[in-house]
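Data file: query.pdb. Format and content: PDB, C-alpha atoms.
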```pdb
ATOM      1  CA  LEU A  19     -82.569 -23.683 128.249
ATOM      2  CA  ALA A  20     -83.049 -22.272 124.748
ATOM      3  CA  GLU A  21     -86.175 -20.383 125.783
ATOM      4  CA  GLY A  22     -84.334 -18.968 128.775
ATOM      5  CA  PHE A  23     -81.524 -17.732 126.533
ATOM      6  CA  VAL A  24     -83.996 -16.048 124.170
ATOM      7  CA  ASP A  25     -85.729 -14.414 127.133
ATOM      8  CA  PHE A  26     -82.368 -13.110 128.351
ATOM      9  CA  VAL A  27     -81.350 -11.768 124.933
ATOM     10  CA  LEU A  28     -84.670  -9.951 124.587
ATOM     11  CA  SER A  29     -84.607  -8.540 128.114
ATOM     12  CA  PRO A  30     -83.634  -4.902 128.785
ATOM     13  CA  TYR A  31     -80.383  -6.030 130.419
ATOM     14  CA  GLY A  32     -79.568  -8.467 127.627
ATOM     15  CA  GLN A  33     -80.195  -5.769 125.045
ATOM     16  CA  SER A  34     -78.063  -3.273 126.973
ATOM     17  CA  LEU A  35     -75.029  -5.510 126.422
ATOM     18  CA  TRP A  36     -75.006  -4.332 122.796
ATOM     19  CA  LEU A  37     -73.949  -0.935 124.152
ATOM     20  CA  ASP A  38     -70.673  -2.286 125.507
ATOM     21  CA  ASP A  39     -67.656  -0.317 124.245
ATOM     22  CA  THR A  40     -66.292  -3.424 122.530
ATOM     23  CA  ILE A  41     -69.542  -4.022 120.606
ATOM     24  CA  LEU A  42     -71.419  -0.721 120.141
ATOM     25  CA  ARG A  43     -74.522  -1.914 118.340
ATOM     26  CA  LEU A  44     -78.029  -0.538 118.678
ATOM     27  CA  PRO A  45     -80.406  -2.532 120.877
ATOM     28  CA  ILE A  46     -83.956  -3.112 119.667
ATOM     29  CA  MET A  47     -85.577  -2.131 122.974
ATOM     30  CA  ARG A  48     -85.821   1.394 124.362
ATOM     31  CA  GLU A  49     -85.763  -0.071 127.874
ATOM     32  CA  ALA A  50     -82.146  -1.115 127.298
ATOM     33  CA  PHE A  51     -81.175   2.520 127.802
ATOM     34  CA  ASP A  52     -82.594   2.415 131.337
ATOM     35  CA  GLU A  53     -79.969  -0.144 132.354
ATOM     36  CA  PRO A  54     -76.685   0.813 134.109
ATOM     37  CA  GLY A  55     -74.707  -0.204 131.025
ATOM     38  CA  ALA A  56     -76.363   2.592 129.051
ATOM     39  CA  ILE A  57     -74.910   5.363 131.212
ATOM     40  CA  GLY A  58     -72.979   7.779 129.019
ATOM     41  CA  MET A  59     -74.587   6.443 125.844
ATOM     42  CA  GLU A  60     -76.673   9.514 125.047
ATOM     43  CA  GLY A  61     -75.319   9.556 121.502
ATOM     44  CA  MET A  62     -76.440   5.986 120.872
ATOM     45  CA  TYR A  63     -79.837   6.804 122.371
ATOM     46  CA  SER A  64     -80.175   9.711 119.961
ATOM     47  CA  VAL A  65     -79.393   7.418 117.026
ATOM     48  CA  PHE A  66     -81.862   4.847 118.387
ATOM     49  CA  ASN A  67     -84.612   7.470 118.382
ATOM     50  CA  GLN A  68     -83.734   8.446 114.821
ATOM     51  CA  THR A  69     -84.298   4.863 113.684
ATOM     52  CA  ILE A  70     -87.720   4.871 115.327
ATOM     53  CA  ARG A  71     -88.715   8.038 113.488
ATOM     54  CA  SER A  72     -87.316   6.852 110.161
ATOM     55  CA  THR A  73     -89.806   6.085 107.416
ATOM     56  CA  PRO A  74     -89.638   2.444 106.302
ATOM     57  CA  TYR A  75     -89.282   1.673 102.621
ATOM     58  CA  ALA A  76     -90.627  -1.165 100.532
ATOM     59  CA  ILE A  77     -88.256  -3.632  98.883
ATOM     60  CA  ASN A  78     -89.020  -4.688  95.336
ATOM     61  CA  VAL A  79     -88.343  -8.413  95.651
ATOM     62  CA  THR A  80     -88.846  -9.073  91.937
ATOM     63  CA  GLN A  81     -86.354  -6.388  90.957
ATOM     64  CA  SER A  82     -83.902  -7.670  93.525
ATOM     65  CA  LEU A  83     -84.038 -11.184  92.083
ATOM     66  CA  VAL A  84     -83.318 -10.057  88.515
ATOM     67  CA  THR A  85     -80.321  -7.907  89.496
ATOM     68  CA  ASP A  86     -78.859  -9.757  92.486
ATOM     69  CA  ALA A  87     -75.933 -11.474  90.745
ATOM     70  CA  SER A  88     -74.820  -8.433  88.759
ATOM     71  CA  PHE A  89     -75.161  -6.142  91.758
ATOM     72  CA  THR A  90     -73.231  -8.486  94.054
ATOM     73  CA  ASN A  91     -70.328  -8.670  91.611
ATOM     74  CA  TYR A  92     -70.430  -4.930  90.935
ATOM     75  CA  PHE A  93     -70.347  -4.254  94.675
ATOM     76  CA  GLU A  94     -67.348  -6.560  95.053
ATOM     77  CA  SER A  95     -65.526  -4.861  92.173
ATOM     78  CA  VAL A  96     -65.997  -1.223  93.163
ATOM     79  CA  LEU A  97     -65.650  -1.643  96.925
ATOM     80  CA  THR A  98     -63.762  -4.818  97.838
ATOM     81  CA  ASP A  99     -61.401  -5.291  94.889
ATOM     82  CA  SER A 100     -60.747  -1.532  94.663
ATOM     83  CA  HIS A 101     -60.456  -1.023  98.400
ATOM     84  CA  SER A 102     -56.903   0.361  98.450
ATOM     85  CA  GLU A 103     -57.631   3.054  95.866
ATOM     86  CA  LEU A 104     -60.989   3.848  97.435
ATOM     87  CA  THR A 105     -59.539   4.371 100.913
ATOM     88  CA  LEU A 106     -56.624   6.376  99.505
ATOM     89  CA  CYS A 107     -59.045   8.775  97.845
ATOM     90  CA  TRP A 108     -61.444   8.890 100.769
ATOM     91  CA  SER A 109     -58.635   9.540 103.266
ATOM     92  CA  LYS A 110     -57.403  12.466 101.181
ATOM     93  CA  MET A 111     -60.919  13.872 101.060
ATOM     94  CA  VAL A 112     -61.457  13.553 104.801
ATOM     95  CA  ASP A 113     -58.036  15.049 105.577
ATOM     96  CA  LEU A 114     -58.835  18.056 103.395
ATOM     97  CA  TYR A 115     -62.193  18.486 105.084
ATOM     98  CA  TYR A 116     -60.858  18.366 108.639
ATOM     99  CA  ALA A 117     -57.964  20.643 107.680
ATOM    100  CA  GLY A 118     -60.528  23.221 106.598
ATOM    101  CA  ASN A 119     -59.506  23.140 102.937
ATOM    102  CA  ILE A 120     -62.860  21.973 101.572
ATOM    103  CA  THR A 121     -66.443  22.412 102.726
ATOM    104  CA  LYS A 122     -69.167  19.861 103.420
ATOM    105  CA  THR A 123     -70.688  20.697 100.042
ATOM    106  CA  GLU A 124     -67.355  20.076  98.324
ATOM    107  CA  ILE A 125     -66.758  16.773 100.104
ATOM    108  CA  ASP A 126     -70.226  15.670  98.989
ATOM    109  CA  ALA A 127     -69.342  16.647  95.420
ATOM    110  CA  TYR A 128     -66.106  14.628  95.503
ATOM    111  CA  ALA A 129     -67.985  11.681  96.994
ATOM    112  CA  ALA A 130     -70.506  11.888  94.157
ATOM    113  CA  LEU A 131     -67.667  11.737  91.623
ATOM    114  CA  MET A 132     -66.320   8.628  93.338
ATOM    115  CA  ALA A 133     -69.754   7.000  93.341
ATOM    116  CA  ASP A 134     -70.592   7.711  89.703
ATOM    117  CA  PRO A 135     -71.540   4.301  88.185
ATOM    118  CA  MET A 136     -68.717   2.693  86.233
ATOM    119  CA  ILE A 137     -68.647   2.527  82.437
ATOM    120  CA  ILE A 138     -67.027  -0.485  80.763
ATOM    121  CA  THR A 139     -66.938  -2.112  77.350
ATOM    122  CA  ASP A 140     -69.210  -5.129  77.517
ATOM    123  CA  PRO A 141     -67.208  -8.205  76.418
ATOM    124  CA  LYS A 142     -70.114  -9.674  74.433
ATOM    125  CA  THR A 143     -71.513  -6.619  72.666
ATOM    126  CA  SER A 144     -68.385  -4.413  72.587
ATOM    127  CA  LEU A 145     -70.646  -1.515  73.574
ATOM    128  CA  ALA A 146     -69.856   1.002  76.294
ATOM    129  CA  GLU A 147     -72.223   0.244  79.151
ATOM    130  CA  LYS A 148     -72.792   2.290  82.286
ATOM    131  CA  TYR A 149     -73.884   0.344  85.345
ATOM    132  CA  THR A 150     -77.588   1.112  85.464
ATOM    133  CA  LEU A 151     -80.659  -0.820  86.539
ATOM    134  CA  ASP A 152     -81.314  -1.705  82.908
ATOM    135  CA  TYR A 153     -77.777  -3.005  82.312
ATOM    136  CA  ALA A 154     -77.751  -4.877  85.620
ATOM    137  CA  THR A 155     -80.971  -6.622  84.618
ATOM    138  CA  ARG A 156     -79.790  -7.489  81.099
ATOM    139  CA  ILE A 157     -76.555  -9.135  82.223
ATOM    140  CA  ASN A 158     -77.794 -10.811  85.395
ATOM    141  CA  THR A 159     -78.284 -14.251  83.828
ATOM    142  CA  ASP A 160     -74.836 -14.185  82.216
ATOM    143  CA  MET A 161     -73.319 -13.139  85.533
ATOM    144  CA  ILE A 162     -74.798 -16.294  87.053
ATOM    145  CA  TYR A 163     -74.104 -18.911  84.388
ATOM    146  CA  ASP A 164     -71.184 -17.621  82.287
ATOM    147  CA  ALA A 165     -68.071 -17.705  84.456
ATOM    148  CA  SER A 166     -65.783 -16.258  81.778
ATOM    149  CA  TYR A 167     -68.137 -13.358  81.097
ATOM    150  CA  ARG A 168     -68.576 -12.691  84.811
ATOM    151  CA  SER A 169     -64.829 -12.665  85.431
ATOM    152  CA  THR A 170     -64.154 -10.274  82.549
ATOM    153  CA  VAL A 171     -66.952  -7.877  83.460
ATOM    154  CA  GLN A 172     -65.956  -7.843  87.099
ATOM    155  CA  SER A 173     -62.317  -7.230  86.192
ATOM    156  CA  ARG A 174     -63.283  -4.292  83.988
ATOM    157  CA  TRP A 175     -65.469  -2.808  86.701
ATOM    158  CA  THR A 176     -62.523  -3.070  89.078
ATOM    159  CA  VAL A 177     -60.198  -1.329  86.626
ATOM    160  CA  ALA A 178     -62.728   1.438  86.029
ATOM    161  CA  ALA A 179     -63.258   1.930  89.760
ATOM    162  CA  LYS A 180     -59.539   2.137  90.526
ATOM    163  CA  VAL A 181     -58.998   4.691  87.777
ATOM    164  CA  GLN A 182     -62.022   6.718  88.875
ATOM    165  CA  TYR A 183     -60.911   6.871  92.508
ATOM    166  CA  LEU A 184     -57.352   7.810  91.555
ATOM    167  CA  ASN A 185     -58.612  10.501  89.177
ATOM    168  CA  VAL A 186     -60.673  12.088  91.945
ATOM    169  CA  LYS A 187     -57.696  11.939  94.298
ATOM    170  CA  ASN A 188     -55.477  13.435  91.601
ATOM    171  CA  ASP A 189     -57.887  16.366  91.263
ATOM    172  CA  MET A 190     -57.519  17.000  94.993
ATOM    173  CA  ASP A 191     -53.733  16.555  94.847
ATOM    174  CA  ILE A 192     -53.507  19.246  92.170
ATOM    175  CA  LEU A 193     -55.459  21.708  94.312
ATOM    176  CA  PHE A 194     -53.743  20.774  97.593
ATOM    177  CA  PRO A 195     -50.471  19.030  96.643
ATOM    178  CA  LEU A 196     -48.557  19.400  99.906
ATOM    179  CA  LEU A 197     -51.214  18.514 102.467
ATOM    180  CA  GLY A 198     -50.031  15.783 104.808
ATOM    181  CA  LEU A 199     -46.437  15.683 103.518
ATOM    182  CA  ASP A 200     -43.564  16.083 105.935
ATOM    183  CA  THR A 201     -40.761  18.568 105.254
ATOM    184  CA  GLU A 202     -38.363  16.050 103.708
ATOM    185  CA  THR A 203     -41.036  14.700 101.382
ATOM    186  CA  THR A 204     -42.053  18.226 100.381
ATOM    187  CA  ILE A 205     -38.470  19.133  99.461
ATOM    188  CA  LEU A 206     -38.108  15.911  97.486
ATOM    189  CA  MET A 207     -41.332  16.502  95.580
ATOM    190  CA  GLU A 208     -40.274  20.042  94.709
ATOM    191  CA  SER A 209     -36.775  19.099  93.577
ATOM    192  CA  ILE A 210     -37.328  16.051  91.353
ATOM    193  CA  PRO A 211     -40.153  14.894  89.087
ATOM    194  CA  ALA A 212     -42.493  12.307  90.516
ATOM    195  CA  PHE A 213     -43.380   9.479  88.220
ATOM    196  CA  LEU A 214     -45.952   6.823  88.942
ATOM    197  CA  ALA A 215     -46.973   4.009  86.622
ATOM    198  CA  LEU A 216     -49.899   1.873  87.711
ATOM    199  CA  PHE A 217     -50.966  -1.213  85.795
ATOM    200  CA  PHE A 218     -54.446  -2.476  86.632
ATOM    201  CA  GLY A 219     -56.743  -5.245  85.561
ATOM    202  CA  THR A 220     -56.747  -7.970  82.971
ATOM    203  CA  SER A 221     -58.335  -8.668  79.598
ATOM    204  CA  GLY A 222     -56.078  -6.238  77.820
ATOM    205  CA  PHE A 223     -56.802  -3.292  80.076
ATOM    206  CA  VAL A 224     -53.698  -1.314  81.037
ATOM    207  CA  VAL A 225     -53.924   2.007  82.806
ATOM    208  CA  MET A 226     -50.950   4.301  83.251
ATOM    209  CA  ALA A 227     -50.945   7.384  85.449
ATOM    210  CA  SER A 228     -48.016   9.743  85.682
ATOM    211  CA  SER A 229     -47.387  13.069  87.330
ATOM    212  CA  GLY A 230     -44.355  15.256  87.747
ATOM    213  CA  SER A 231     -43.094  18.790  88.073
ATOM    214  CA  LYS A 232     -42.306  20.458  84.766
ATOM    215  CA  PHE A 233     -38.974  21.999  83.916
ATOM    216  CA  ASP A 234     -38.973  25.738  83.462
TER     217      ASP A 234
END
```

Can you present the structure in this file as structure tokens?
Amino acid sequence: LAEGFVDFVLSPYGQSLWLDDTILRLPIMREAFDEPGAIGMEGMYSVFNQTIRSTPYAINVTQSLVTDASFTNYFESVLTDSHSELTLCWSKMVDLYYAGNITKTEIDAYAALMADPMIITDPKTSLAEKYTLDYATRINTDMIYDASYRSTVQSRWTVAAKVQYLNVKNDMDILFPLLGLDTETTILMESIPAFLALFFGTSGFVVMASSGSKFD
């Protein structure tokens, strides 16, 4: 029974099921695109061919082992724990792009600002440390065995990420302040100052952001 299931999964028809509208994953067999379920999936076939032509890359297993813990926690801080701020900034960027306000080059530049590695004060050395391969390697052991250190570092990465994303969004808001606002909101924003105070993070980190129209 198990062998029969494996044979089915690795058959052209079985692989074509990945192309179902509710799944939309790439099959591993080209023959899957000959099946009836692949009709209308020219775009997926194009992507499939791109993966075949892609050049494989080697993974440095040793380097991965000595940075895994720090990278995993960094990833969680700047993507998962900062998700609301990240999506807020990214949505603004995409809206500007599709509205024709910024170019592909400009959206890439904003994305690069968002992705710039975070800088925090290391809780053990009190030195400003940018997330680099060297720093990731140096702190990896502490990120595994020192729970207090790990929690503090991760919290500071999260704070830094939230501030960075909001700063990039604020830059776009200054250039295009009224994009996406309805008429009532626009009138409100023009008639009274807007004030926003955001408190992020722990370990003594407090970030405040404010904006408002100035009186003449």

Please enumerate the residues selected by the PyMOL selection byres ((chain A and resi 104) around 10) when evaluated against the supplied file, formatted as an mmCIF file with C-alpha atoms, keeping the file's coordinate frame.
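In the end it all went to expr.cif:
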```cif
data_model
loop_
_atom_site.group_PDB
_atom_site.id
_atom_site.type_symbol
_atom_site.label_atom_id
_atom_site.label_comp_id
_atom_site.auth_asym_id
_atom_site.auth_seq_id
_atom_site.Cartn_x
_atom_site.Cartn_y
_atom_site.Cartn_z
ATOM 1 C CA VAL A 96 -65.997 -1.223 93.163
ATOM 2 C CA LEU A 97 -65.650 -1.643 96.925
ATOM 3 C CA THR A 98 -63.762 -4.818 97.838
ATOM 4 C CA ASP A 99 -61.401 -5.291 94.889
ATOM 5 C CA SER A 100 -60.747 -1.532 94.663
ATOM 6 C CA HIS A 101 -60.456 -1.023 98.400
ATOM 7 C CA SER A 102 -56.903 0.361 98.450
ATOM 8 C CA GLU A 103 -57.631 3.054 95.866
ATOM 9 C CA THR A 105 -59.539 4.371 100.913
ATOM 10 C CA LEU A 106 -56.624 6.376 99.505
ATOM 11 C CA CYS A 107 -59.045 8.775 97.845
ATOM 12 C CA TRP A 108 -61.444 8.890 100.769
ATOM 13 C CA SER A 109 -58.635 9.540 103.266
ATOM 14 C CA MET A 132 -66.320 8.628 93.338
ATOM 15 C CA ALA A 179 -63.258 1.930 89.760
ATOM 16 C CA LYS A 180 -59.539 2.137 90.526
ATOM 17 C CA VAL A 181 -58.998 4.691 87.777
ATOM 18 C CA GLN A 182 -62.022 6.718 88.875
ATOM 19 C CA TYR A 183 -60.911 6.871 92.508
ATOM 20 C CA LEU A 184 -57.352 7.810 91.555
ATOM 21 C CA VAL A 186 -60.673 12.088 91.945
ATOM 22 C CA LYS A 187 -57.696 11.939 94.298
#
```

Output of the PyMOL selection byres ((chain A and resi 194) around 12), listed as a ChimeraX atom specification: /A:110-111,113-115,117-120,187-193,195-199

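Comparing A:Ser29, A:Thr73, A:Ser64, A:Ser88 by their smallest distance to Tyr163 in chain A, the closest is A:Ser88 (using all atoms listed in the file).
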
task: Check what the PyMOL selection byres ((chain A and resi 37-54) around 12) selects in the file above and give those residues as JSON, numbers by chain.
output: {"A": [27, 28, 29, 30, 31, 32, 33, 34, 35, 36, 55, 56, 57, 58, 59, 60, 61, 62, 63, 64, 65, 66, 67, 68, 69, 70]}

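The space separating CA of Thr85 in chain A from CA of Asn158 in chain A comes to 5.6 Å.
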
Kindly provide, as AutoDock Vina command-line options, the centre and edge lengths (Å, one decimal) of an axis-aligned box around all atoms of range 120-128 of chain A given in the file, with 3 Å on each side.
```
--center_x -66.8 --center_y 18.5 --center_z 99.4 --size_x 13.8 --size_y 13.8 --size_z 14.0
```

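Rounded to one decimal, CA of Gln81 in chain A and CA of Ser166 in chain A lie 24.6 Å from each other.
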
Missing atoms in range 33-58 of chain A should be modelled up to N, CA, C and O atoms and reported as a PDB file, in the coordinates of the input.
```
ATOM      1  N   GLN A  33     -80.325  -6.712 126.156  1.00  0.00           N
ATOM      2  CA  GLN A  33     -80.195  -5.769 125.045  1.00  0.00           C
ATOM      3  C   GLN A  33     -79.160  -4.682 125.342  1.00  0.00           C
ATOM      4  O   GLN A  33     -78.484  -4.191 124.441  1.00  0.00           O
ATOM      5  N   SER A  34     -79.021  -4.326 126.611  1.00  0.00           N
ATOM      6  CA  SER A  34     -78.063  -3.273 126.973  1.00  0.00           C
ATOM      7  C   SER A  34     -76.623  -3.712 126.743  1.00  0.00           C
ATOM      8  O   SER A  34     -75.722  -2.872 126.627  1.00  0.00           O
ATOM      9  N   LEU A  35     -76.387  -5.021 126.662  1.00  0.00           N
ATOM     10  CA  LEU A  35     -75.029  -5.510 126.422  1.00  0.00           C
ATOM     11  C   LEU A  35     -74.511  -5.091 125.052  1.00  0.00           C
ATOM     12  O   LEU A  35     -73.297  -5.020 124.833  1.00  0.00           O
ATOM     13  N   TRP A  36     -75.431  -4.810 124.118  1.00  0.00           N
ATOM     14  CA  TRP A  36     -75.006  -4.332 122.796  1.00  0.00           C
ATOM     15  C   TRP A  36     -74.310  -2.979 122.882  1.00  0.00           C
ATOM     16  O   TRP A  36     -73.587  -2.578 121.965  1.00  0.00           O
ATOM     17  N   LEU A  37     -74.526  -2.267 123.990  1.00  0.00           N
ATOM     18  CA  LEU A  37     -73.949  -0.935 124.152  1.00  0.00           C
ATOM     19  C   LEU A  37     -72.542  -0.968 124.737  1.00  0.00           C
ATOM     20  O   LEU A  37     -71.933   0.078 124.950  1.00  0.00           O
ATOM     21  N   ASP A  38     -72.031  -2.159 124.989  1.00  0.00           N
ATOM     22  CA  ASP A  38     -70.673  -2.286 125.507  1.00  0.00           C
ATOM     23  C   ASP A  38     -69.681  -1.646 124.536  1.00  0.00           C
ATOM     24  O   ASP A  38     -69.849  -1.715 123.314  1.00  0.00           O
ATOM     25  N   ASP A  39     -68.636  -1.024 125.078  1.00  0.00           N
ATOM     26  CA  ASP A  39     -67.656  -0.317 124.245  1.00  0.00           C
ATOM     27  C   ASP A  39     -67.006  -1.219 123.202  1.00  0.00           C
ATOM     28  O   ASP A  39     -66.546  -0.737 122.157  1.00  0.00           O
ATOM     29  N   THR A  40     -66.933  -2.504 123.474  1.00  0.00           N
ATOM     30  CA  THR A  40     -66.292  -3.424 122.530  1.00  0.00           C
ATOM     31  C   THR A  40     -67.254  -3.916 121.454  1.00  0.00           C
ATOM     32  O   THR A  40     -66.831  -4.604 120.520  1.00  0.00           O
ATOM     33  N   ILE A  41     -68.541  -3.565 121.576  1.00  0.00           N
ATOM     34  CA  ILE A  41     -69.542  -4.022 120.606  1.00  0.00           C
ATOM     35  C   ILE A  41     -70.181  -2.838 119.887  1.00  0.00           C
ATOM     36  O   ILE A  41     -70.155  -2.742 118.661  1.00  0.00           O
ATOM     37  N   LEU A  42     -70.788  -1.943 120.661  1.00  0.00           N
ATOM     38  CA  LEU A  42     -71.419  -0.721 120.141  1.00  0.00           C
ATOM     39  C   LEU A  42     -72.373  -0.994 118.978  1.00  0.00           C
ATOM     40  O   LEU A  42     -72.142  -0.583 117.844  1.00  0.00           O
ATOM     41  N   ARG A  43     -73.436  -1.698 119.292  1.00  0.00           N
ATOM     42  CA  ARG A  43     -74.522  -1.914 118.340  1.00  0.00           C
ATOM     43  C   ARG A  43     -75.823  -1.430 118.977  1.00  0.00           C
ATOM     44  O   ARG A  43     -75.964  -1.413 120.199  1.00  0.00           O
ATOM     45  N   LEU A  44     -76.766  -1.034 118.145  1.00  0.00           N
ATOM     46  CA  LEU A  44     -78.029  -0.538 118.678  1.00  0.00           C
ATOM     47  C   LEU A  44     -78.893  -1.683 119.195  1.00  0.00           C
ATOM     48  O   LEU A  44     -79.086  -2.678 118.496  1.00  0.00           O
ATOM     49  N   PRO A  45     -79.427  -1.549 120.397  1.00  0.00           N
ATOM     50  CA  PRO A  45     -80.406  -2.532 120.877  1.00  0.00           C
ATOM     51  C   PRO A  45     -81.737  -2.312 120.166  1.00  0.00           C
ATOM     52  O   PRO A  45     -81.935  -1.286 119.507  1.00  0.00           O
ATOM     53  N   ILE A  46     -82.645  -3.264 120.298  1.00  0.00           N
ATOM     54  CA  ILE A  46     -83.956  -3.112 119.667  1.00  0.00           C
ATOM     55  C   ILE A  46     -85.006  -2.636 120.662  1.00  0.00           C
ATOM     56  O   ILE A  46     -86.140  -2.358 120.276  1.00  0.00           O
ATOM     57  N   MET A  47     -84.630  -2.540 121.939  1.00  0.00           N
ATOM     58  CA  MET A  47     -85.577  -2.131 122.974  1.00  0.00           C
ATOM     59  C   MET A  47     -85.163  -0.797 123.585  1.00  0.00           C
ATOM     60  O   MET A  47     -84.004  -0.609 123.956  1.00  0.00           O
ATOM     61  N   ARG A  48     -86.123   0.118 123.726  1.00  0.00           N
ATOM     62  CA  ARG A  48     -85.821   1.394 124.362  1.00  0.00           C
ATOM     63  C   ARG A  48     -85.431   1.199 125.815  1.00  0.00           C
ATOM     64  O   ARG A  48     -84.594   1.928 126.363  1.00  0.00           O
ATOM     65  N   GLU A  49     -86.025   0.173 126.457  1.00  0.00           N
ATOM     66  CA  GLU A  49     -85.763  -0.071 127.874  1.00  0.00           C
ATOM     67  C   GLU A  49     -84.301  -0.408 128.154  1.00  0.00           C
ATOM     68  O   GLU A  49     -83.837  -0.299 129.296  1.00  0.00           O
ATOM     69  N   ALA A  50     -83.566  -0.804 127.107  1.00  0.00           N
ATOM     70  CA  ALA A  50     -82.146  -1.115 127.298  1.00  0.00           C
ATOM     71  C   ALA A  50     -81.379   0.108 127.778  1.00  0.00           C
ATOM     72  O   ALA A  50     -80.378  -0.010 128.495  1.00  0.00           O
ATOM     73  N   PHE A  51     -81.862   1.287 127.423  1.00  0.00           N
ATOM     74  CA  PHE A  51     -81.175   2.520 127.802  1.00  0.00           C
ATOM     75  C   PHE A  51     -81.465   2.926 129.243  1.00  0.00           C
ATOM     76  O   PHE A  51     -80.899   3.909 129.734  1.00  0.00           O
ATOM     77  N   ASP A  52     -82.343   2.176 129.919  1.00  0.00           N
ATOM     78  CA  ASP A  52     -82.594   2.415 131.337  1.00  0.00           C
ATOM     79  C   ASP A  52     -81.634   1.618 132.214  1.00  0.00           C
ATOM     80  O   ASP A  52     -81.587   1.820 133.431  1.00  0.00           O
ATOM     81  N   GLU A  53     -80.882   0.718 131.609  1.00  0.00           N
ATOM     82  CA  GLU A  53     -79.969  -0.144 132.354  1.00  0.00           C
ATOM     83  C   GLU A  53     -78.664   0.595 132.675  1.00  0.00           C
ATOM     84  O   GLU A  53     -78.284   1.550 131.979  1.00  0.00           O
ATOM     85  N   PRO A  54     -77.952   0.163 133.728  1.00  0.00           N
ATOM     86  CA  PRO A  54     -76.685   0.813 134.109  1.00  0.00           C
ATOM     87  C   PRO A  54     -75.660   0.851 132.973  1.00  0.00           C
ATOM     88  O   PRO A  54     -74.886   1.805 132.861  1.00  0.00           O
ATOM     89  N   GLY A  55     -75.674  -0.160 132.118  1.00  0.00           N
ATOM     90  CA  GLY A  55     -74.707  -0.204 131.025  1.00  0.00           C
ATOM     91  C   GLY A  55     -74.919   0.866 129.979  1.00  0.00           C
ATOM     92  O   GLY A  55     -74.056   1.078 129.118  1.00  0.00           O
ATOM     93  N   ALA A  56     -76.065   1.555 130.039  1.00  0.00           N
ATOM     94  CA  ALA A  56     -76.363   2.592 129.051  1.00  0.00           C
ATOM     95  C   ALA A  56     -75.927   3.978 129.504  1.00  0.00           C
ATOM     96  O   ALA A  56     -76.078   4.948 128.764  1.00  0.00           O
ATOM     97  N   ILE A  57     -75.362   4.063 130.708  1.00  0.00           N
ATOM     98  CA  ILE A  57     -74.910   5.363 131.212  1.00  0.00           C
ATOM     99  C   ILE A  57     -73.806   5.915 130.304  1.00  0.00           C
ATOM    100  O   ILE A  57     -72.854   5.210 129.967  1.00  0.00           O
ATOM    101  N   GLY A  58     -73.963   7.155 129.900  1.00  0.00           N
ATOM    102  CA  GLY A  58     -72.979   7.779 129.019  1.00  0.00           C
ATOM    103  C   GLY A  58     -73.202   7.482 127.553  1.00  0.00           C
ATOM    104  O   GLY A  58     -72.381   7.849 126.709  1.00  0.00           O
TER     105      GLY A  58
END
```
